[in-house]
$ cat entry-v5.txt   # compact mmCIF, C-alpha atoms and all ligand atoms
# COMPACT_ATOMS: atom_id res chain seq x y z
CA MET A 1 90.79 83.19 122.86
CA GLU A 2 93.35 84.43 120.36
CA THR A 3 94.32 82.11 117.50
CA ALA A 4 98.01 81.08 117.39
CA ALA A 5 98.58 83.44 114.42
CA GLN A 6 96.98 86.33 116.31
CA GLU A 7 99.05 85.63 119.41
CA ALA A 8 102.34 85.51 117.48
CA PHE A 9 101.47 88.77 115.74
CA HIS A 10 100.53 90.53 118.97
CA ASN A 11 103.77 89.40 120.63
CA THR A 12 105.66 90.94 117.73
CA SER A 13 103.74 94.18 117.61
CA GLY A 14 105.03 95.26 121.00
CA GLY A 15 102.49 94.10 123.58
CA ASP A 16 100.61 96.34 125.97
CA VAL A 17 102.55 99.60 126.18
CA GLY A 18 99.90 101.53 128.12
CA ASP A 19 99.83 105.29 127.53
CA LEU A 20 102.06 105.70 124.48
CA TRP A 21 101.00 109.20 123.46
CA GLY A 22 101.11 111.11 126.77
CA PRO A 23 104.90 110.88 127.32
CA ILE A 24 105.60 111.30 123.59
CA GLY A 25 103.51 114.51 123.54
CA GLU A 26 105.66 115.95 126.31
CA LEU A 27 108.83 115.17 124.34
CA ARG A 28 107.37 116.59 121.13
CA ARG A 29 106.54 119.90 122.83
CA THR A 30 109.86 120.19 124.65
CA VAL A 31 112.67 118.64 122.55
CA GLY A 32 111.19 117.97 119.06
CA VAL A 33 113.91 115.48 118.13
CA LEU A 34 114.77 112.80 120.66
CA SER A 35 118.31 111.51 120.78
CA GLY A 36 117.49 107.81 121.10
CA SER A 37 114.63 105.44 120.42
CA LEU A 38 111.13 105.25 121.85
CA MET A 39 110.92 101.59 120.95
CA SER A 40 111.78 98.66 123.15
CA GLY A 41 113.61 95.44 122.24
CA ALA A 42 114.73 94.63 118.72
CA ALA A 43 112.67 97.48 117.26
CA ALA A 44 115.03 99.95 118.92
CA GLY A 45 117.59 99.04 116.25
CA GLY A 46 121.15 97.72 116.29
CA ASP A 47 124.43 99.53 116.79
CA ARG A 48 123.65 102.73 114.92
CA GLN A 49 123.08 106.04 116.70
CA HIS A 50 119.33 106.57 116.87
CA PHE A 51 117.16 109.70 116.68
CA THR A 52 113.37 110.15 116.69
CA ILE A 53 111.62 113.03 114.89
CA LEU A 54 108.42 113.99 116.70
CA ARG A 55 106.89 117.15 115.15
CA TYR A 56 104.60 117.20 112.11
CA ASP A 57 106.56 119.64 109.90
CA ASP A 58 109.88 117.93 110.62
CA CYS A 59 108.44 114.45 109.96
CA ALA A 60 106.86 115.55 106.66
CA ALA A 61 110.07 117.32 105.56
CA ALA A 62 112.19 114.24 106.37
CA LEU A 63 109.90 111.93 104.39
CA ARG A 64 109.93 114.32 101.43
CA ASP A 65 113.75 114.54 101.48
CA ASP A 66 114.51 110.99 100.41
CA THR A 67 118.07 111.83 99.41
CA THR A 68 118.96 112.68 103.05
CA PHE A 69 116.70 110.15 104.80
CA THR A 70 116.68 106.99 102.71
CA SER A 71 114.66 103.84 103.13
CA GLY A 72 117.93 101.89 102.61
CA ILE A 73 117.54 101.16 106.36
CA TYR A 74 115.19 98.33 105.30
CA VAL A 75 118.12 96.49 103.70
CA ASP A 76 119.20 95.52 107.24
CA MET A 77 115.74 95.33 108.78
CA MET A 78 113.62 93.54 106.19
CA ARG A 79 115.75 92.02 103.48
CA PRO A 80 116.86 89.00 105.56
CA VAL A 81 113.21 87.88 105.68
CA MET A 82 111.45 89.58 102.79
CA GLY A 83 114.13 89.75 100.12
CA ARG A 84 114.40 92.94 98.06
CA THR A 85 111.19 94.97 98.11
CA ILE A 86 110.19 98.39 96.77
CA LEU A 87 110.27 99.72 100.33
CA GLU A 88 114.09 99.58 100.35
CA MET A 89 114.57 100.84 96.78
CA GLU A 90 115.73 104.33 95.88
CA GLU A 91 115.02 106.39 92.77
CA PRO A 92 114.91 105.82 89.86
CA GLU A 93 114.55 102.05 90.39
CA HIS A 94 111.84 102.60 92.99
CA ARG A 95 109.70 104.68 90.62
CA ARG A 96 109.82 102.01 87.93
CA HIS A 97 108.77 99.18 90.23
CA ARG A 98 106.15 101.24 91.99
CA GLY A 99 104.72 102.41 88.68
CA LEU A 100 104.38 98.90 87.31
CA ALA A 101 102.73 97.51 90.39
CA GLY A 102 100.78 100.64 91.34
CA HIS A 103 99.04 100.60 87.98
CA ALA A 104 96.79 97.86 89.38
CA PHE A 105 95.46 100.04 92.23
CA ARG A 106 93.63 102.56 90.07
CA HIS A 107 90.09 103.74 90.80
CA LYS A 108 88.31 101.59 88.21
CA THR A 109 89.88 98.39 89.53
CA LEU A 110 89.05 99.30 93.12
CA THR A 111 85.39 99.84 92.23
CA ARG A 112 85.23 96.42 90.61
CA TRP A 113 86.96 94.73 93.55
CA GLU A 114 84.54 96.43 95.95
CA THR A 115 81.39 94.98 94.37
CA GLU A 116 82.72 91.65 93.16
CA LEU A 117 85.08 90.62 95.93
CA ILE A 118 85.18 92.76 99.04
CA ARG A 119 81.52 93.40 99.91
CA PRO A 120 80.62 89.69 99.42
CA LEU A 121 83.55 88.76 101.68
CA ALA A 122 82.37 91.13 104.44
CA HIS A 123 78.90 89.52 104.26
CA GLU A 124 80.36 86.02 104.34
CA LEU A 125 82.38 86.70 107.49
CA ILE A 126 79.43 88.42 109.21
CA ASP A 127 77.19 85.45 108.26
CA GLY A 128 79.45 83.37 110.49
CA PHE A 129 78.30 85.14 113.69
CA ALA A 130 75.23 87.26 112.86
CA PRO A 131 72.65 84.67 114.12
CA ARG A 132 74.46 84.33 117.45
CA GLY A 133 73.76 87.74 119.08
CA HIS A 134 77.36 88.14 120.22
CA ALA A 135 80.83 87.95 118.64
CA GLU A 136 84.50 88.68 119.14
CA LEU A 137 85.10 90.96 116.18
CA VAL A 138 88.90 90.80 116.12
CA ARG A 139 88.99 87.03 115.72
CA GLU A 140 85.87 86.73 113.60
CA LEU A 141 86.11 89.79 111.35
CA THR A 142 89.00 92.24 111.50
CA PHE A 143 91.78 89.61 111.57
CA PRO A 144 90.67 87.40 108.65
CA PHE A 145 89.13 90.18 106.50
CA PRO A 146 92.13 92.10 105.03
CA VAL A 147 94.26 89.01 104.36
CA GLN A 148 91.35 87.37 102.55
CA VAL A 149 90.89 90.59 100.57
CA ILE A 150 94.47 90.20 99.35
CA ALA A 151 93.91 86.50 98.60
CA ARG A 152 90.84 87.38 96.55
CA ILE A 153 92.43 90.22 94.58
CA LEU A 154 95.37 87.93 93.79
CA GLY A 155 92.87 85.33 92.57
CA LEU A 156 94.14 82.54 94.85
CA PRO A 157 92.10 79.32 95.17
CA HIS A 158 89.56 79.52 98.01
CA ASP A 159 90.83 76.31 99.63
CA ASP A 160 94.29 77.90 100.04
CA TYR A 161 93.05 80.84 102.20
CA PRO A 162 93.80 79.30 105.62
CA TYR A 163 97.31 78.31 104.46
CA PHE A 164 97.90 81.74 102.93
CA GLN A 165 96.64 83.52 106.07
CA ALA A 166 98.90 81.47 108.36
CA LEU A 167 101.95 82.24 106.17
CA ALA A 168 101.03 85.95 106.02
CA PHE A 169 101.08 86.38 109.77
CA THR A 170 104.09 84.15 110.39
CA LEU A 171 105.99 86.33 107.92
CA THR A 172 105.97 89.36 110.23
CA SER A 173 105.99 87.58 113.56
CA VAL A 174 109.69 88.22 114.20
CA GLY A 175 109.13 88.57 117.98
CA GLU A 176 110.31 85.00 118.46
CA GLY A 177 113.27 85.27 116.07
CA TYR A 178 113.81 85.35 112.32
CA GLU A 179 113.81 81.62 111.63
CA GLY A 180 110.01 81.13 111.43
CA PRO A 181 109.39 84.26 109.30
CA LYS A 182 112.28 83.38 106.94
CA LYS A 183 110.84 79.89 106.45
CA ALA A 184 107.36 81.33 105.83
CA SER A 185 108.84 83.80 103.35
CA ASP A 186 110.58 81.02 101.36
CA GLU A 187 107.45 78.88 101.48
CA LEU A 188 105.34 81.77 100.24
CA ALA A 189 107.71 82.36 97.33
CA ASP A 190 107.55 78.65 96.42
CA TYR A 191 103.76 78.81 96.60
CA LEU A 192 103.48 81.97 94.47
CA ARG A 193 106.10 81.22 91.79
CA PRO A 194 104.07 78.63 89.81
CA ILE A 195 100.93 80.80 90.12
CA VAL A 196 102.79 83.80 88.64
CA ALA A 197 104.11 81.65 85.77
CA GLU A 198 100.65 80.28 85.11
CA ARG A 199 99.02 83.77 85.08
CA ARG A 200 101.69 85.03 82.72
CA ALA A 201 100.80 82.20 80.33
CA ASN A 202 97.01 82.44 80.86
CA PRO A 203 96.12 85.95 82.09
CA SER A 204 92.90 86.41 84.04
CA ASP A 205 91.38 89.55 85.66
CA ASP A 206 93.31 89.34 88.94
CA LEU A 207 96.12 91.47 90.34
CA ILE A 208 98.88 88.94 89.58
CA SER A 209 97.92 88.88 85.88
CA GLU A 210 97.77 92.71 85.80
CA ILE A 211 101.21 93.12 87.35
CA ALA A 212 102.66 90.46 85.04
CA ALA A 213 101.26 92.24 81.98
CA ALA A 214 102.05 95.86 83.00
CA GLU A 215 104.78 97.58 81.00
CA ILE A 216 106.69 100.82 81.35
CA ASP A 217 108.96 101.78 78.43
CA GLY A 218 108.63 98.26 77.13
CA GLU A 219 109.86 96.75 80.39
CA ARG A 220 108.12 94.16 82.54
CA LEU A 221 108.90 92.84 86.02
CA THR A 222 110.57 89.44 86.13
CA ASP A 223 108.77 86.54 87.86
CA ASP A 224 111.06 86.88 90.89
CA GLU A 225 110.42 90.63 91.11
CA ILE A 226 106.68 89.94 91.05
CA VAL A 227 106.99 87.31 93.76
CA SER A 228 108.92 89.79 95.97
CA TYR A 229 106.32 92.43 95.38
CA LEU A 230 103.44 90.09 96.22
CA ARG A 231 105.21 88.97 99.34
CA LEU A 232 105.45 92.61 100.50
CA LEU A 233 101.77 93.20 99.79
CA LEU A 234 100.82 90.64 102.39
CA PRO A 235 102.21 92.32 105.51
CA ALA A 236 101.83 95.81 103.99
CA GLY A 237 98.19 95.24 103.17
CA SER A 238 96.87 92.87 105.80
CA GLU A 239 98.36 93.66 109.22
CA THR A 240 98.00 97.42 108.75
CA THR A 241 94.39 97.31 107.60
CA TYR A 242 93.51 94.74 110.24
CA CYS A 243 94.86 97.07 112.94
CA SER A 244 93.17 100.11 111.49
CA ILE A 245 89.68 98.58 111.20
CA GLY A 246 89.88 97.21 114.76
CA SER A 247 91.00 100.56 116.19
CA LEU A 248 88.25 102.41 114.34
CA LEU A 249 85.58 100.01 115.60
CA LEU A 250 86.87 100.42 119.14
CA ALA A 251 87.00 104.22 118.83
CA LEU A 252 83.38 104.32 117.66
CA LEU A 253 82.12 101.72 120.14
CA THR A 254 83.61 103.79 122.97
CA HIS A 255 82.40 107.14 121.56
CA THR A 256 78.78 106.13 121.21
CA ASP A 257 77.46 109.59 120.27
CA GLN A 258 79.76 109.54 117.21
CA LEU A 259 78.84 105.90 116.53
CA ASP A 260 75.15 106.86 116.40
CA GLU A 261 75.93 109.67 113.95
CA VAL A 262 77.94 107.40 111.64
CA ARG A 263 75.28 104.69 111.74
CA ALA A 264 72.61 107.23 110.77
CA ASP A 265 74.69 108.94 108.06
CA ARG A 266 77.10 106.57 106.29
CA ALA A 267 78.77 109.51 104.51
CA LEU A 268 80.46 110.10 107.87
CA ILE A 269 82.37 106.79 107.60
CA GLY A 270 84.97 108.56 105.38
CA PRO A 271 85.74 111.34 107.90
CA ALA A 272 85.71 108.74 110.72
CA ILE A 273 88.35 106.69 108.85
CA GLU A 274 90.58 109.76 108.37
CA GLU A 275 90.21 110.75 112.03
CA LEU A 276 91.14 107.24 113.17
CA LEU A 277 94.18 107.21 110.88
CA ARG A 278 95.27 110.49 112.45
CA TRP A 279 94.44 109.51 116.03
CA GLU A 280 95.81 105.93 116.08
CA PRO A 281 97.75 105.15 112.89
CA ALA A 282 98.33 101.40 112.53
CA VAL A 283 102.07 101.96 112.03
CA PRO A 284 103.07 104.75 114.42
CA PHE A 285 106.81 104.80 113.61
CA ILE A 286 108.78 104.22 110.40
CA PRO A 287 112.57 104.02 110.06
CA ARG A 288 114.97 105.87 107.78
CA LEU A 289 118.75 106.06 107.37
CA ALA A 290 120.40 109.50 107.49
CA VAL A 291 123.01 109.43 104.71
CA ARG A 292 124.48 112.88 105.41
CA ASP A 293 124.93 115.08 108.50
CA VAL A 294 121.79 117.10 109.13
CA THR A 295 120.36 119.31 111.90
CA ILE A 296 116.68 119.23 112.87
CA ALA A 297 115.13 121.23 115.73
CA GLY A 298 118.67 122.15 116.81
CA VAL A 299 119.70 118.49 117.13
CA GLU A 300 122.67 117.33 115.03
CA ILE A 301 122.06 113.97 113.35
CA PRO A 302 125.28 112.44 111.97
CA ALA A 303 125.37 110.49 108.69
CA GLY A 304 124.82 106.78 109.33
CA SER A 305 122.22 107.28 112.08
CA GLN A 306 118.94 105.43 112.22
CA VAL A 307 116.12 107.95 112.27
CA THR A 308 112.61 107.07 113.39
CA VAL A 309 109.90 109.23 111.88
CA ALA A 310 107.16 109.23 114.52
CA LEU A 311 104.04 109.37 112.33
CA GLY A 312 101.76 108.91 115.34
CA SER A 313 103.38 111.83 117.16
CA ALA A 314 103.20 114.07 114.06
CA ASN A 315 99.48 113.26 113.88
CA ARG A 316 99.03 114.56 117.43
CA ASP A 317 101.06 117.74 116.91
CA GLU A 318 98.93 120.43 118.53
CA THR A 319 100.28 123.12 116.19
CA ARG A 320 98.43 121.38 113.36
CA PHE A 321 95.62 119.44 115.07
CA PRO A 322 94.08 121.42 117.97
CA ASP A 323 93.10 119.29 120.99
CA PRO A 324 94.90 116.35 119.37
CA GLU A 325 94.09 113.70 122.00
CA ARG A 326 90.37 113.97 121.25
CA PHE A 327 88.83 111.52 118.73
CA ASP A 328 86.52 113.76 116.71
CA ILE A 329 85.07 112.72 113.36
CA HIS A 330 84.06 116.36 112.69
CA ARG A 331 87.62 117.63 112.79
CA PRO A 332 88.39 119.90 109.78
CA GLU A 333 90.22 117.93 107.07
CA GLN A 334 94.01 118.19 107.30
CA GLN A 335 96.58 115.83 105.83
CA HIS A 336 97.79 113.30 108.43
CA LEU A 337 100.86 111.09 108.06
CA ALA A 338 99.34 107.64 108.70
CA PHE A 339 100.25 106.59 105.15
CA ALA A 340 103.62 108.42 105.37
CA PHE A 341 104.53 111.01 102.74
CA GLY A 342 106.93 111.43 99.83
CA PRO A 343 108.01 108.75 97.35
CA HIS A 344 107.20 105.75 99.57
CA MET A 345 103.75 106.98 100.59
CA CYS A 346 101.47 103.96 100.95
CA LEU A 347 100.62 102.42 97.62
CA GLY A 348 97.52 100.70 98.98
CA MET A 349 95.93 103.64 100.80
CA HIS A 350 92.83 103.85 98.62
CA LEU A 351 92.31 100.10 98.93
CA ALA A 352 92.74 100.34 102.72
CA ARG A 353 90.18 103.14 102.94
CA MET A 354 87.72 101.25 100.75
CA GLU A 355 88.08 98.00 102.72
CA THR A 356 87.52 99.84 105.98
CA ARG A 357 84.45 101.65 104.62
CA VAL A 358 82.96 98.40 103.31
CA ALA A 359 83.60 96.54 106.58
CA LEU A 360 81.94 99.23 108.69
CA ASP A 361 79.05 99.87 106.33
CA THR A 362 78.22 96.16 106.06
CA LEU A 363 78.53 95.65 109.81
CA PHE A 364 76.25 98.59 110.67
CA THR A 365 73.64 97.45 108.14
CA ARG A 366 73.65 93.83 109.27
CA LEU A 367 73.89 94.50 113.03
CA PRO A 368 72.15 97.85 113.65
CA ASP A 369 72.48 97.90 117.44
CA LEU A 370 76.11 96.74 117.65
CA ARG A 371 77.62 97.57 121.07
CA LEU A 372 80.51 96.50 123.29
CA ASP A 373 79.77 93.50 125.50
CA PRO A 374 80.43 94.60 129.11
CA THR A 375 79.94 91.07 130.51
CA THR A 376 83.10 89.33 129.24
CA GLY A 377 85.51 90.84 131.79
CA ASP A 378 87.63 91.93 128.83
CA ASP A 379 89.11 95.43 128.71
CA PRO A 380 89.42 96.18 124.98
CA HIS A 381 92.00 98.86 124.31
CA ILE A 382 94.65 99.70 121.74
CA HIS A 383 97.93 97.81 122.23
CA GLY A 384 101.33 97.74 120.59
CA GLU A 385 104.17 99.99 119.46
CA ILE A 386 105.14 98.54 116.07
CA PHE A 387 101.52 97.98 115.04
CA ARG A 388 98.66 99.50 117.06
CA SER A 389 95.33 97.73 117.49
CA PRO A 390 92.90 96.28 120.00
CA THR A 391 93.48 92.56 120.55
CA SER A 392 89.81 91.78 121.19
CA LEU A 393 86.42 93.41 120.58
CA PRO A 394 83.62 91.52 122.33
CA VAL A 395 80.27 92.81 121.07
CA LEU A 396 76.52 92.23 121.46
CA PHE A 397 73.73 92.82 118.94
CA GLY A 398 70.20 91.78 118.17
C1 LIG A 401 95.30 101.39 107.10
C2 LIG A 401 96.08 100.62 106.39
C3 LIG A 401 97.48 100.97 105.97
C4 LIG A 401 98.40 101.79 106.60
C5 LIG A 401 98.23 102.57 107.89
C6 LIG A 401 99.59 101.77 105.77
C7 LIG A 401 100.75 102.49 106.05
C8 LIG A 401 101.85 102.55 105.23
C9 LIG A 401 103.04 103.33 105.49
C10 LIG A 401 103.25 104.20 106.74
C11 LIG A 401 103.91 103.13 104.48
C12 LIG A 401 105.29 103.77 104.30
C13 LIG A 401 106.38 102.90 104.89
C14 LIG A 401 107.74 103.53 104.77
O1 LIG A 401 107.94 104.40 103.92
O2 LIG A 401 108.64 103.17 105.53
C15 LIG A 401 103.29 102.20 103.54
C16 LIG A 401 103.87 101.73 102.39
C17 LIG A 401 103.31 100.77 101.58
N1 LIG A 401 102.04 100.24 101.69
FE1 LIG A 401 100.65 100.69 103.11
N2 LIG A 401 99.39 100.95 104.69
C18 LIG A 401 98.11 100.46 104.76
C19 LIG A 401 97.48 99.60 103.87
C20 LIG A 401 98.07 99.10 102.72
C21 LIG A 401 97.42 98.21 101.77
C22 LIG A 401 95.97 97.73 101.86
C23 LIG A 401 98.36 97.89 100.82
C24 LIG A 401 98.24 97.03 99.60
C25 LIG A 401 97.53 95.97 99.49
C26 LIG A 401 99.58 98.61 101.16
C27 LIG A 401 100.74 98.55 100.43
C28 LIG A 401 101.86 99.32 100.68
C29 LIG A 401 103.08 99.25 99.87
C30 LIG A 401 103.31 98.35 98.65
C31 LIG A 401 103.98 100.17 100.43
C32 LIG A 401 105.40 100.48 99.95
C33 LIG A 401 105.35 101.70 99.04
C34 LIG A 401 106.70 102.12 98.53
O3 LIG A 401 107.75 101.75 99.09
O4 LIG A 401 106.72 102.89 97.55
N3 LIG A 401 99.36 99.31 102.31
N4 LIG A 401 102.03 101.87 104.03
$ encode --input "entry-v5.txt" --output "structure tokens"
Amino acid sequence: METAAQEAFHNTSGGDVGDLWGPIGELRRTVGVLSGSLMSGAAAGGDRQHFTILRYDDCAAALRDDTTFTSGIYVDMMRPVMGRTILEMEEPEHRRHRGLAGHAFRHKTLTRWETELIRPLAHELIDGFAPRGHAELVRELTFPFPVQVIARILGLPHDDYPYFQALAFTLTSVGEGYEGPKKASDELADYLRPIVAERRANPSDDLISEIAAAEIDGERLTDDEIVSYLRLLLPAGSETTYCSIGSLLLALLTHTDQLDEVRADRALIGPAIEELLRWEPAVPFIPRLAVRDVTIAGVEIPAGSQVTVALGSANRDETRFPDPERFDIHRPEQQHLAFAFGPHMCLGMHLARMETRVALDTLFTRLPDLRLDPTTGDDPHIHGEIFRSPTSLPVLFG
């Protein structure tokens, strides 16, 4: 049984779209740039003309060229719910905000978070089902884990976690309209504002205190700017990582020869994470706004068009990744686009990788013979077009 928060999120993320990559591969090989959208419903965009870039080199070039393809598209798409975030900002404002906040994600901090916060959390969640011999890993591990990671690195009170988690998922569940997410967004700001003020007055060793204290050229973020940034971290850091960990577990549980290898040699978790990010990126499409006329793959894109950069299609471009449909943890290392590219490339990518590594490592140590449970009648597979993930992972162990 899905929780209400899970159900709302899965309704938003695009439901069961079946074989997403087969038809897209055909388009990538034949037309390169699609005139139109691959998305259904609201995600297809409003009244603008719409184009979809499908090949690796074209996607990477578009993301690098942020003066032609701007993320100003998020002003329409996200601002009504999320307020102003760094995702919609352009240079030089973007660089300043990103620099101040990004300071907190450096290697030394991540190492400390791993031992003090994230590994203990993985154990705590696994404690909840380890004695039972069976579990549903989406509900019991992959869904609560990343949002509680964020709660811990922000230094929020433990008793607030369920409240914080419910707000986090309501924030992006726009499938049933904007009213609920907007309310959750306002509530979250009201909840965070006094905490930010308090940490500014009495700094501790959490992320909120670090962001409040960070300075570039003598400048600090205002309390409202910090609240906006924290509010973006929630969907940016929890839904994505949740999807990614679930998809990786499913990929390994259904490729048992590779699962055995990773279990025996934990150094292979890193390559397995990169291969999953290539094969099934959590966010397969990101939007941009073309602000001047431009031609790609012979297709003219007029200024003012909405342009979808199909990260998931780029990652299966056979000119860069031979036999792209195959999940293969021994694939030679090549940059994929799961975290995008260019100025807005994911700020939390090292955290996401670390969380995923810790979740898998802890799970394989605690439950050495983890396997899919064939008796539940469930058919776990990867769903969704906005976010991609399995919606359930019934497993047996012990
Ligand atoms: C596997 C997990 C993740 C994936 C696949 C992912 C993917 C992405 C992508 C594709 C973008 C670019 C969006 C765009 O330009 O339109 C992005 C941006 C961003 N991500 Fe992630 N992300 C993940 C985890 C995280 C985590 C854990 C955090 C932080 C806690 C985070 C924070 C951010 C932020 C703040 C941005 C905006 C950066 C900017 O505009 O400069 N992400 N992410």
$ residues_near_point --input "entry-v5.txt" --point "(82.2, 89.6, 100.7)" --cutoff "12 Å" --atoms "all atoms listed in the file" --output "VMD selection string"
chain A and resid 113 to 128 141 144 to 146 148 to 149 152 to 153 355 358 to 359 362 to 363
$ write_last_selection --input "entry-v5.txt" --atoms "C-alpha atoms" --output "short mmCIF file (atom, residue, chain, number, x, y, z; two decimals), in the frame of the given file"
data_model
loop_
_atom_site.label_atom_id
_atom_site.label_comp_id
_atom_site.auth_asym_id
_atom_site.auth_seq_id
_atom_site.Cartn_x
_atom_site.Cartn_y
_atom_site.Cartn_z
CA TRP A 113 86.96 94.73 93.55
CA GLU A 114 84.54 96.43 95.95
CA THR A 115 81.39 94.98 94.37
CA GLU A 116 82.72 91.65 93.16
CA LEU A 117 85.08 90.62 95.93
CA ILE A 118 85.18 92.76 99.04
CA ARG A 119 81.52 93.40 99.91
CA PRO A 120 80.62 89.69 99.42
CA LEU A 121 83.55 88.76 101.68
CA ALA A 122 82.37 91.13 104.44
CA HIS A 123 78.90 89.52 104.26
CA GLU A 124 80.36 86.02 104.34
CA LEU A 125 82.38 86.70 107.49
CA ILE A 126 79.43 88.42 109.21
CA ASP A 127 77.19 85.45 108.26
CA GLY A 128 79.45 83.37 110.49
CA LEU A 141 86.11 89.79 111.35
CA PRO A 144 90.67 87.40 108.65
CA PHE A 145 89.13 90.18 106.50
CA PRO A 146 92.13 92.10 105.03
CA GLN A 148 91.35 87.37 102.55
CA VAL A 149 90.89 90.59 100.57
CA ARG A 152 90.84 87.38 96.55
CA ILE A 153 92.43 90.22 94.58
CA GLU A 355 88.08 98.00 102.72
CA VAL A 358 82.96 98.40 103.31
CA ALA A 359 83.60 96.54 106.58
CA THR A 362 78.22 96.16 106.06
CA LEU A 363 78.53 95.65 109.81
#
$ axis_aligned_box --input "entry-v5.txt" --around "ligand LIG 401 (chain A)" --padding-each-side "8 Å" --output "AutoDock Vina command-line options"
--center_x 102.0 --center_y 100.2 --center_z 102.7 --size_x 29.3 --size_y 24.4 --size_z 26.3
$ residues_near_ligand --input "entry-v5.txt" --ligand "ligand LIG 401 (chain A)" --cutoff "7 Å" --atoms "all atoms listed in the file" --output "VMD selection string"
chain A and resid 71 86 to 88 94 98 150 232 to 234 236 to 238 240 to 241 244 277 281 to 283 286 to 287 338 to 340 343 to 349 351 to 353
$ write_last_selection --input "entry-v5.txt" --atoms "C-alpha atoms" --output "tab-separated table (two decimals), in the coordinates of the input"
chain	number	residue	atom	x	y	z
A	71	SER	CA	114.66	103.84	103.13
A	86	ILE	CA	110.19	98.39	96.77
A	87	LEU	CA	110.27	99.72	100.33
A	88	GLU	CA	114.09	99.58	100.35
A	94	HIS	CA	111.84	102.60	92.99
A	98	ARG	CA	106.15	101.24	91.99
A	150	ILE	CA	94.47	90.20	99.35
A	232	LEU	CA	105.45	92.61	100.50
A	233	LEU	CA	101.77	93.20	99.79
A	234	LEU	CA	100.82	90.64	102.39
A	236	ALA	CA	101.83	95.81	103.99
A	237	GLY	CA	98.19	95.24	103.17
A	238	SER	CA	96.87	92.87	105.80
A	240	THR	CA	98.00	97.42	108.75
A	241	THR	CA	94.39	97.31	107.60
A	244	SER	CA	93.17	100.11	111.49
A	277	LEU	CA	94.18	107.21	110.88
A	281	PRO	CA	97.75	105.15	112.89
A	282	ALA	CA	98.33	101.40	112.53
A	283	VAL	CA	102.07	101.96	112.03
A	286	ILE	CA	108.78	104.22	110.40
A	287	PRO	CA	112.57	104.02	110.06
A	338	ALA	CA	99.34	107.64	108.70
A	339	PHE	CA	100.25	106.59	105.15
A	340	ALA	CA	103.62	108.42	105.37
A	343	PRO	CA	108.01	108.75	97.35
A	344	HIS	CA	107.20	105.75	99.57
A	345	MET	CA	103.75	106.98	100.59
A	346	CYS	CA	101.47	103.96	100.95
A	347	LEU	CA	100.62	102.42	97.62
A	348	GLY	CA	97.52	100.70	98.98
A	349	MET	CA	95.93	103.64	100.80
A	351	LEU	CA	92.31	100.10	98.93
A	352	ALA	CA	92.74	100.34	102.72
A	353	ARG	CA	90.18	103.14	102.94
$ residues_around --input "entry-v5.txt" --residues "Lys183 (chain A)" --least-positions-apart "2" --cutoff "12 Å" --atoms "all atoms listed in the file" --output "count of residues only"
21
$ closest_residue --input "entry-v5.txt" --among "A:Leu252, A:Ala104, A:Ile245, A:Met89" --to "Ser209 (chain A)" --atoms "all atoms listed in the file"
A:Ala104
$ residues_near_point --input "entry-v5.txt" --point "(118.7, 106.5, 107.7)" --cutoff "8 Å" --atoms "only C-alpha atoms" --output "PyMOL selection string"
chain A and resi 68-73+287-291+303-307
$ atom_distance --input "entry-v5.txt" --atom1 "CA of Gly398 (chain A)" --atom2 "CA of Leu248 (chain A)"
21.3 Å
$ closest_residue --input "entry-v5.txt" --among "A:Thr111, A:Leu100, A:Glu136, A:Pro157" --to "Asp378 (chain A)" --atoms "only C-alpha atoms"
A:Glu136
$ atom_distance --input "entry-v5.txt" --atom1 "CA of Arg263 (chain A)" --atom2 "CA of Pro374 (chain A)"
20.7 Å
